[in-house]
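Peer 1: Data: upload_10.txt, compact mmCIF, C-alpha atoms.
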# COMPACT_ATOMS: atom_id res chain seq x y z
CA MET A 1 88.63 -205.30 103.69
CA ALA A 2 86.45 -202.34 102.95
CA SER A 3 87.62 -200.18 100.08
CA GLY A 4 88.54 -196.53 100.98
CA VAL A 5 87.15 -193.31 99.44
CA ASN A 6 88.92 -192.32 96.24
CA LYS A 7 90.14 -188.86 97.10
CA LYS A 8 91.36 -188.19 93.58
CA LEU A 9 87.86 -188.90 92.20
CA LEU A 10 86.24 -186.54 94.68
CA ALA A 11 88.72 -183.78 93.93
CA LYS A 12 88.07 -184.17 90.21
CA THR A 13 84.31 -183.93 90.75
CA ASP A 14 84.68 -180.81 92.84
CA MET A 15 86.84 -179.20 90.17
CA ASN A 16 84.26 -179.94 87.46
CA PHE A 17 81.49 -178.46 89.60
CA PHE A 18 83.41 -175.23 90.23
CA ARG A 19 84.38 -174.99 86.58
CA GLU A 20 80.72 -175.28 85.46
CA PHE A 21 79.59 -172.84 88.16
CA THR A 22 82.20 -170.33 87.08
CA ALA A 23 81.16 -170.65 83.41
CA ASN A 24 77.49 -170.12 84.27
CA ALA A 25 78.35 -167.13 86.41
CA ALA A 26 80.41 -165.64 83.61
CA ARG A 27 77.56 -166.23 81.16
CA ALA A 28 75.08 -164.58 83.54
CA ALA A 29 77.46 -161.65 83.98
CA ARG A 30 77.69 -161.20 80.23
CA MET A 31 73.88 -161.30 79.83
CA LEU A 32 73.50 -158.78 82.63
CA GLY A 33 76.04 -156.55 80.91
CA TYR A 34 74.13 -156.78 77.63
CA ALA A 35 70.85 -155.96 79.39
CA MET A 36 72.41 -152.98 81.12
CA ALA A 37 73.85 -151.75 77.83
CA VAL A 38 70.45 -152.05 76.12
CA GLY A 39 68.75 -150.32 79.04
CA ILE A 40 71.27 -147.47 78.96
CA LEU A 41 70.74 -147.15 75.20
CA VAL A 42 66.95 -147.03 75.62
CA VAL A 43 67.26 -144.44 78.36
CA PHE A 44 69.58 -142.41 76.17
CA ILE A 45 67.12 -142.55 73.24
CA VAL A 46 64.16 -141.59 75.45
CA VAL A 47 66.07 -138.74 77.02
CA GLY A 48 67.17 -137.57 73.58
CA LEU A 49 63.59 -137.72 72.24
CA ILE A 50 62.30 -135.79 75.24
CA GLY A 51 64.99 -133.21 74.72
CA TYR A 52 64.15 -132.94 71.00
CA LEU A 53 60.45 -132.50 71.71
CA ALA A 54 61.18 -129.96 74.42
CA VAL A 55 63.33 -127.91 72.05
CA ARG A 56 60.75 -128.22 69.28
CA ASN A 57 57.92 -127.14 71.58
CA TYR A 58 60.01 -124.23 72.79
CA MET A 59 60.62 -123.11 69.21
CA LYS A 60 56.90 -123.46 68.39
CA GLN A 61 56.00 -121.44 71.45
CA GLN A 62 58.48 -118.79 70.39
CA ASP A 63 56.83 -118.66 66.96
CA ILE A 64 53.41 -118.31 68.60
CA ASN A 65 54.70 -115.56 70.86
CA ASN A 66 56.17 -113.74 67.87
CA ILE A 67 52.89 -113.98 65.93
CA ASN A 68 50.89 -112.80 68.95
CA ALA A 69 53.27 -109.90 69.38
CA GLU A 70 52.89 -109.02 65.69
CA LEU A 71 49.10 -109.22 65.86
CA ALA A 72 49.13 -106.98 68.92
CA GLY A 73 51.05 -104.33 66.99
CA PRO A 74 49.53 -101.16 65.55
CA GLU A 75 49.35 -102.66 62.04
CA TYR A 76 46.68 -105.13 63.14
CA ALA A 77 44.95 -102.95 65.70
CA GLY A 78 41.21 -102.71 65.02
CA LEU A 79 41.41 -105.37 62.30
CA GLU A 80 38.14 -106.98 63.39
CA GLU A 81 36.35 -103.65 63.35
CA LYS A 82 37.78 -102.92 59.92
CA ALA A 83 36.49 -106.29 58.68
CA LYS A 84 32.99 -105.38 59.87
CA GLN A 85 33.22 -102.03 58.09
CA LEU A 86 34.33 -103.72 54.87
CA GLN A 87 31.44 -106.20 55.16
CA GLU A 88 28.97 -103.34 55.52
CA GLU A 89 30.59 -101.52 52.60
CA LEU A 90 30.29 -104.66 50.47
CA LYS A 91 26.61 -104.91 51.42
CA GLN A 92 25.99 -101.29 50.36
CA LYS A 93 27.85 -101.75 47.08
CA ASN A 94 25.84 -104.91 46.34
CA ASN A 95 22.62 -102.98 46.90
CA TYR A 96 23.88 -100.14 44.69
CA PHE A 97 24.91 -102.60 41.98
CA TYR A 98 21.49 -104.22 42.21
CA ALA A 99 19.81 -100.82 41.83
CA LEU A 100 21.85 -100.03 38.72
CA THR A 101 21.19 -103.40 37.09
CA SER A 102 17.49 -103.13 37.97
CA MET A 103 17.26 -99.79 36.16
CA ARG A 104 19.01 -101.32 33.16
CA THR A 105 16.54 -104.22 33.25
CA ASN A 106 13.62 -101.79 33.24
CA VAL A 107 15.09 -100.05 30.19
CA ASP A 108 15.59 -103.38 28.38
CA ARG A 109 12.07 -104.52 29.18
CA THR A 110 10.42 -101.35 27.89
CA ALA A 111 8.85 -102.74 24.75
CA ASP A 112 7.79 -100.84 21.66
CA VAL A 113 4.12 -101.90 21.76
CA PRO A 114 1.86 -100.33 19.10
CA LEU A 115 -0.45 -97.73 20.63
CA GLU A 116 -3.29 -98.71 18.32
CA ILE A 117 -3.81 -102.14 19.95
CA PRO A 118 -6.94 -101.08 21.94
CA GLY A 119 -8.54 -99.84 18.73
CA ILE A 120 -7.64 -103.05 16.88
CA LEU A 121 -9.07 -105.09 19.76
CA ALA A 122 -12.38 -103.17 19.68
CA LYS A 123 -12.76 -103.90 15.95
CA SER A 124 -11.91 -107.58 16.37
CA ILE A 125 -14.56 -108.55 18.93
CA PRO A 126 -17.27 -110.76 17.31
CA SER A 127 -20.90 -109.64 17.55
CA ASP A 128 -21.80 -112.56 19.83
CA SER A 129 -18.96 -111.86 22.30
CA TYR A 130 -17.81 -109.13 24.64
CA VAL A 131 -14.65 -108.43 26.62
CA THR A 132 -15.00 -107.81 30.35
CA ASP A 133 -11.41 -106.65 30.93
CA TYR A 134 -7.98 -106.64 29.34
CA ALA A 135 -4.44 -105.74 30.43
CA ILE A 136 -1.32 -104.79 28.47
CA ASP A 137 1.87 -104.97 30.57
CA GLY A 138 4.39 -104.00 27.90
CA SER A 139 5.23 -107.46 26.63
CA SER A 140 1.93 -109.32 26.62
CA MET A 141 -1.82 -108.84 26.52
CA LYS A 142 -4.38 -110.71 28.60
CA LEU A 143 -8.09 -110.39 28.07
CA ASN A 144 -11.20 -112.02 29.52
CA GLY A 145 -14.76 -112.12 28.30
CA PHE A 146 -17.89 -114.10 27.46
CA SER A 147 -19.28 -115.48 24.23
CA PHE A 148 -22.37 -117.24 22.99
CA SER A 149 -20.28 -119.37 20.64
CA TYR A 150 -17.44 -121.75 21.45
CA TYR A 151 -15.52 -120.73 18.30
CA SER A 152 -15.93 -116.96 18.53
CA PRO A 153 -12.80 -116.45 20.74
CA VAL A 154 -10.76 -118.25 18.07
CA ASP A 155 -12.25 -116.00 15.40
CA MET A 156 -11.31 -112.97 17.48
CA VAL A 157 -7.70 -114.15 17.77
CA ASN A 158 -7.56 -114.68 14.00
CA MET A 159 -8.75 -111.12 13.42
CA LEU A 160 -6.13 -109.82 15.87
CA GLN A 161 -3.47 -111.85 14.12
CA ALA A 162 -4.49 -110.35 10.79
CA SER A 163 -3.19 -107.07 12.25
CA LYS A 164 -0.07 -108.85 13.62
CA VAL A 165 -0.88 -108.06 17.22
CA PHE A 166 0.71 -111.19 18.69
CA THR A 167 4.23 -112.30 17.82
CA SER A 168 3.64 -115.90 18.91
CA ARG A 169 0.60 -118.13 19.05
CA PRO A 170 -1.55 -116.99 22.00
CA ILE A 171 -3.12 -119.29 24.57
CA ILE A 172 -6.92 -119.53 24.28
CA THR A 173 -8.99 -121.01 27.12
CA VAL A 174 -12.74 -121.48 26.55
CA THR A 175 -15.02 -122.85 29.29
CA ARG A 176 -18.77 -123.38 29.26
CA VAL A 177 -20.52 -121.55 32.11
CA GLU A 178 -24.03 -121.06 33.46
CA GLN A 179 -26.18 -118.06 32.53
CA THR A 180 -25.92 -116.76 36.09
CA ASP A 181 -22.11 -116.67 35.73
CA VAL A 182 -22.48 -114.29 32.79
CA GLY A 183 -24.73 -111.76 34.50
CA LYS A 184 -27.87 -111.14 36.50
CA ALA A 185 -31.30 -111.87 35.09
CA ASP A 186 -32.04 -108.21 34.28
CA ALA A 187 -28.97 -108.11 32.08
CA PHE A 188 -30.73 -110.35 29.59
CA TYR A 189 -33.88 -108.18 29.35
CA ASN A 190 -34.14 -105.38 26.78
CA GLU A 191 -36.41 -102.72 28.31
CA LYS A 192 -36.88 -100.87 25.00
CA THR A 193 -38.07 -103.83 22.99
CA GLY A 194 -39.26 -106.07 25.79
CA ASP A 195 -37.19 -108.92 24.34
CA ILE A 196 -35.56 -111.51 26.58
CA ILE A 197 -32.12 -112.67 25.50
CA ALA A 198 -32.03 -116.36 26.30
CA LEU A 199 -29.44 -118.72 24.84
CA ASN A 200 -28.67 -122.29 25.78
CA ASN A 201 -24.88 -121.96 25.72
CA TYR A 202 -22.60 -119.43 27.39
CA TYR A 203 -18.83 -119.53 27.30
CA SER A 204 -16.14 -117.79 29.30
CA PHE A 205 -12.87 -117.20 27.46
CA LYS A 206 -9.38 -116.10 28.37
CA ILE A 207 -6.72 -115.10 25.84
CA GLU A 208 -3.01 -114.59 26.65
CA GLY A 209 -0.44 -113.64 24.02
CA THR A 210 2.95 -112.03 23.57
CA LEU A 211 2.94 -108.66 21.84
CA ILE A 212 6.64 -108.41 21.07
CA SER A 213 9.22 -110.74 19.54
CA LYS A 214 11.73 -110.38 22.37
CA VAL A 215 11.18 -111.06 26.06
CA TYR A 216 13.56 -110.60 28.99
CA ILE A 217 14.16 -112.97 31.89
CA SER A 218 15.85 -111.35 34.89
CA VAL A 219 17.36 -113.30 37.80
CA GLY A 220 18.30 -111.68 41.12
CA ARG A 221 19.78 -113.20 44.29
CA PHE A 222 18.88 -111.97 47.77
CA LEU A 223 19.54 -112.78 51.41
CA ASN A 224 16.31 -114.12 52.89
CA GLY A 225 15.13 -111.99 55.79
CA SER A 226 12.90 -109.17 56.97
CA THR A 227 14.98 -106.60 55.04
CA VAL A 228 15.89 -106.86 51.37
CA THR A 229 19.63 -107.43 50.96
CA SER A 230 20.91 -108.18 47.47
CA LEU A 231 23.76 -110.65 46.99
CA SER A 232 24.39 -109.68 43.37
CA GLY A 233 23.13 -107.56 40.54
CA VAL A 234 20.21 -108.50 38.33
CA GLU A 235 21.15 -110.84 35.49
CA THR A 236 18.90 -110.01 32.53
CA THR A 237 18.91 -112.12 29.36
CA GLU A 238 17.05 -111.49 26.11
CA TYR A 239 15.13 -114.39 24.55
CA THR A 240 12.97 -114.83 21.48
CA ALA A 241 9.34 -115.16 22.58
CA GLY A 242 8.54 -118.85 23.06
CA ALA A 243 12.19 -119.92 23.41
CA GLU A 244 13.40 -122.14 26.25
CA TYR A 245 15.69 -120.70 28.93
CA SER A 246 17.89 -122.45 31.48
CA TYR A 247 20.12 -121.31 34.34
CA THR A 248 22.50 -123.82 35.95
CA GLU A 249 25.07 -121.63 37.73
CA GLY A 250 24.62 -120.53 41.34
CA ILE A 251 21.19 -122.08 41.87
CA ASN A 252 21.30 -124.35 44.94
CA THR A 253 24.34 -122.60 46.39
CA TYR A 254 25.80 -119.17 45.81
CA THR A 255 29.06 -117.68 47.10
CA ALA A 256 29.59 -113.95 47.60
CA GLY A 257 32.20 -112.13 49.69
CA GLY A 258 33.71 -115.43 50.80
CA VAL A 259 30.38 -116.60 52.27
CA THR A 260 28.40 -119.58 50.93
CA TYR A 261 24.60 -119.42 50.83
CA ASN A 262 21.92 -122.11 50.34
CA LEU A 263 18.71 -121.64 48.32
CA VAL A 264 15.53 -121.54 50.44
CA LYS A 265 12.89 -119.75 48.30
CA ILE A 266 12.07 -118.60 44.76
CA THR A 267 9.57 -116.03 43.53
CA VAL A 268 8.46 -115.41 39.94
CA ASN A 269 6.98 -111.97 39.30
CA GLY A 270 6.42 -111.60 43.06
CA THR A 271 4.66 -114.95 43.56
CA ASP A 272 6.26 -117.73 45.61
CA VAL A 273 7.08 -120.94 43.75
CA ASP A 274 5.19 -123.87 45.31
CA ALA A 275 7.03 -126.43 47.45
CA GLN A 276 7.00 -129.19 44.82
CA SER A 277 8.38 -126.93 42.08
CA LEU A 278 11.06 -125.68 44.46
CA ALA A 279 12.01 -129.28 45.29
CA ASN A 280 12.24 -130.11 41.56
CA ILE A 281 14.50 -127.10 40.93
CA LYS A 282 16.77 -128.12 43.82
CA ALA A 283 16.91 -131.72 42.59
CA ALA A 284 17.95 -130.57 39.09
CA ASN A 285 20.09 -127.71 40.42
CA ALA A 286 18.77 -125.76 37.45
CA LEU A 287 16.14 -123.15 36.66
CA SER A 288 14.37 -123.55 33.30
CA GLY A 289 11.16 -122.70 31.49
CA THR A 290 9.61 -121.07 28.42
CA ALA A 291 10.13 -117.36 27.78
CA LYS A 292 6.49 -116.44 27.10
CA GLU A 293 6.68 -112.99 28.67
CA ASN A 294 8.99 -110.78 30.68
CA ALA A 295 9.70 -112.49 33.99
CA GLU A 296 11.45 -111.42 37.18
CA ILE A 297 12.86 -114.41 39.06
CA ASN A 298 14.21 -113.82 42.56
CA LEU A 299 16.30 -116.44 44.37
CA TYR A 300 16.44 -116.17 48.17
CA TYR A 301 19.28 -117.68 50.20
CA GLU A 302 20.37 -118.27 53.77
CA VAL A 303 23.92 -118.56 55.10
CA ALA A 304 25.11 -122.17 54.91
CA THR A 305 25.78 -123.74 58.31
CA ALA A 306 28.12 -126.63 59.12
CA ALA A 307 26.39 -130.00 59.45
CA ALA A 308 26.02 -131.31 63.00
CA PRO A 309 28.29 -134.28 63.85
CA SER A 310 26.66 -137.70 63.62
CA GLU A 311 26.26 -140.00 66.63
CA ALA A 312 28.86 -142.33 65.16
CA ALA A 313 31.36 -139.48 64.99
CA LYS A 314 30.68 -138.63 68.60
Let me see whether you can do it: turn the structure in this file into structure tokens.
Peer 2:
Amino acid sequence: MASGVNKKLLAKTDMNFFREFTANAARAARMLGYAMAVGILVVFIVVGLIGYLAVRNYMKQQDINNINAELAGPEYAGLEEKAKQLQEELKQKNNYFYALTSMRTNVDRTADVPLEIPGILAKSIPSDSYVTDYAIDGSSMKLNGFSFSYYSPVDMVNMLQASKVFTSRPIITVTRVEQTDVGKADAFYNEKTGDIIALNNYYSFKIEGTLISKVYISVGRFLNGSTVTSLSGVETTEYTAGAEYSYTEGINTYTAGGVTYNLVKITVNGTDVDAQSLANIKAANALSGTAKENAEINLYYEVATAAAPSEAAK
């Protein structure tokens, strides 16, 4: 006889299935509740952050509006025009200050040179030499001439030094030249005696020496351009003749009136410094030399500009 279906077993299986289904559903409901809670919290945080930023931006905008309103008031009216006027006034005062310091420099550089120097020079020229020209600029004497002897220019300097003409050892340059460099052919013919002056050796000489014990180096700073605009007064310093001088402040860059300038050119006594010397000064960021005579050094600048962005930065 065939066995019948165990109804109790089937009922038990169905109950287990529904129990497991109910547990899974409850678990899913809890997870969904957690997810909804997290989502609501995130939404709340985002909404709060947006609200905070909106309030903050509103307050910033209010501050900007207040500042704009203040700047539009009568106290700040024409401020830009006033700044231009002050800039022009500063320019005029710089030029005036430069004029005053230049006059003071001229007073300082006025040396007490003995008036009898030309007479002393005339008595000190050797018989086999003659001076073609000489110049006394207040602090130094330069003379040029010719001689039939290589050592005669040295003898002349010794005679000048016996009268204490130079305060430091002068520079003597002697160069052998041709007869035609000394003068034309008729210059060597004596019409009275019929004698012809003919020597084998002719020398050109140049003598440079300081006449005073103190020399003055003046340094001025200018804006480079078609018109002369001073950036500062003239800085004049006294040195013992032959001493070394050095300037290390405000060489490559100089700041005046809140504006920064870069060095582009230098002149010494009105002559431009060559490109290599200028490069050496920029590399050392210093100006130095020997105080042999009064010197006027002018530094010329241009307004510094911001460097262009590199390709990598772009």
Peer 1: Show me, as a PDB file with C-alpha atoms, keeping the file's coordinate frame, the residues that have an atom within 12 Å of A:Glu293 when counting only C-alpha atoms, minus same-chain residues fewer than 2 positions from it.
Peer 2:
ATOM      1  CA  ARG A 109      12.070-104.520  29.180  1.00  0.00           C
ATOM      2  CA  ALA A 111       8.850-102.740  24.750  1.00  0.00           C
ATOM      3  CA  ILE A 136      -1.320-104.790  28.470  1.00  0.00           C
ATOM      4  CA  ASP A 137       1.870-104.970  30.570  1.00  0.00           C
ATOM      5  CA  GLY A 138       4.390-104.000  27.900  1.00  0.00           C
ATOM      6  CA  SER A 139       5.230-107.460  26.630  1.00  0.00           C
ATOM      7  CA  SER A 140       1.930-109.320  26.620  1.00  0.00           C
ATOM      8  CA  MET A 141      -1.820-108.840  26.520  1.00  0.00           C
ATOM      9  CA  LYS A 142      -4.380-110.710  28.600  1.00  0.00           C
ATOM     10  CA  PHE A 166       0.710-111.190  18.690  1.00  0.00           C
ATOM     11  CA  THR A 167       4.230-112.300  17.820  1.00  0.00           C
ATOM     12  CA  SER A 168       3.640-115.900  18.910  1.00  0.00           C
ATOM     13  CA  PRO A 170      -1.550-116.990  22.000  1.00  0.00           C
ATOM     14  CA  GLU A 208      -3.010-114.590  26.650  1.00  0.00           C
ATOM     15  CA  GLY A 209      -0.440-113.640  24.020  1.00  0.00           C
ATOM     16  CA  THR A 210       2.950-112.030  23.570  1.00  0.00           C
ATOM     17  CA  LEU A 211       2.940-108.660  21.840  1.00  0.00           C
ATOM     18  CA  ILE A 212       6.640-108.410  21.070  1.00  0.00           C
ATOM     19  CA  SER A 213       9.220-110.740  19.540  1.00  0.00           C
ATOM     20  CA  LYS A 214      11.730-110.380  22.370  1.00  0.00           C
ATOM     21  CA  VAL A 215      11.180-111.060  26.060  1.00  0.00           C
ATOM     22  CA  TYR A 216      13.560-110.600  28.990  1.00  0.00           C
ATOM     23  CA  ILE A 217      14.160-112.970  31.890  1.00  0.00           C
ATOM     24  CA  SER A 218      15.850-111.350  34.890  1.00  0.00           C
ATOM     25  CA  GLU A 238      17.050-111.490  26.110  1.00  0.00           C
ATOM     26  CA  TYR A 239      15.130-114.390  24.550  1.00  0.00           C
ATOM     27  CA  THR A 240      12.970-114.830  21.480  1.00  0.00           C
ATOM     28  CA  ALA A 241       9.340-115.160  22.580  1.00  0.00           C
ATOM     29  CA  GLY A 242       8.540-118.850  23.060  1.00  0.00           C
ATOM     30  CA  ALA A 243      12.190-119.920  23.410  1.00  0.00           C
ATOM     31  CA  GLU A 244      13.400-122.140  26.250  1.00  0.00           C
ATOM     32  CA  TYR A 245      15.690-120.700  28.930  1.00  0.00           C
ATOM     33  CA  VAL A 268       8.460-115.410  39.940  1.00  0.00           C
ATOM     34  CA  ASN A 269       6.980-111.970  39.300  1.00  0.00           C
ATOM     35  CA  GLY A 289      11.160-122.700  31.490  1.00  0.00           C
ATOM     36  CA  THR A 290       9.610-121.070  28.420  1.00  0.00           C
ATOM     37  CA  ALA A 291      10.130-117.360  27.780  1.00  0.00           C
ATOM     38  CA  ALA A 295       9.700-112.490  33.990  1.00  0.00           C
ATOM     39  CA  GLU A 296      11.450-111.420  37.180  1.00  0.00           C
TER      40      GLU A 296
END
Peer 1: As an exercise, work out the distance from atom CA of A:Ile171 to atom CA of A:Gly270 in Å and give it to one decimal place.
Peer 2: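 Those two atoms sit 22.2 Å apart.
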Peer 1: Would you compute the distance between atom CA of A:Ala122 and atom CA of A:Phe148? Give it in Å to one decimal.
Peer 2: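 Those two atoms sit 17.6 Å apart.
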Peer 1: Which of these, A:Leu41, A:Ala256, A:Leu263, A:Val177, has the shortest distance to A:Leu90 once you count only C-alpha atoms?
Peer 2: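 With only C-alpha atoms as the atom set, the closest residue is A:Ala256.
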Peer 1: In Å, how far is it from atom CA of A:Gly233 to atom CA of A:Lys292?
Peer 2: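 Rounded to one decimal, the two atoms are 23.2 Å apart.
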Peer 1: Using all atoms listed in the file, which residues sit within 12 Å of A:Thr255 once same-chain residues fewer than 4 positions away are excluded, as a ChimeraX atom specification?
Peer 2: /A:221-223,231-232,249-251,259-263,301-304
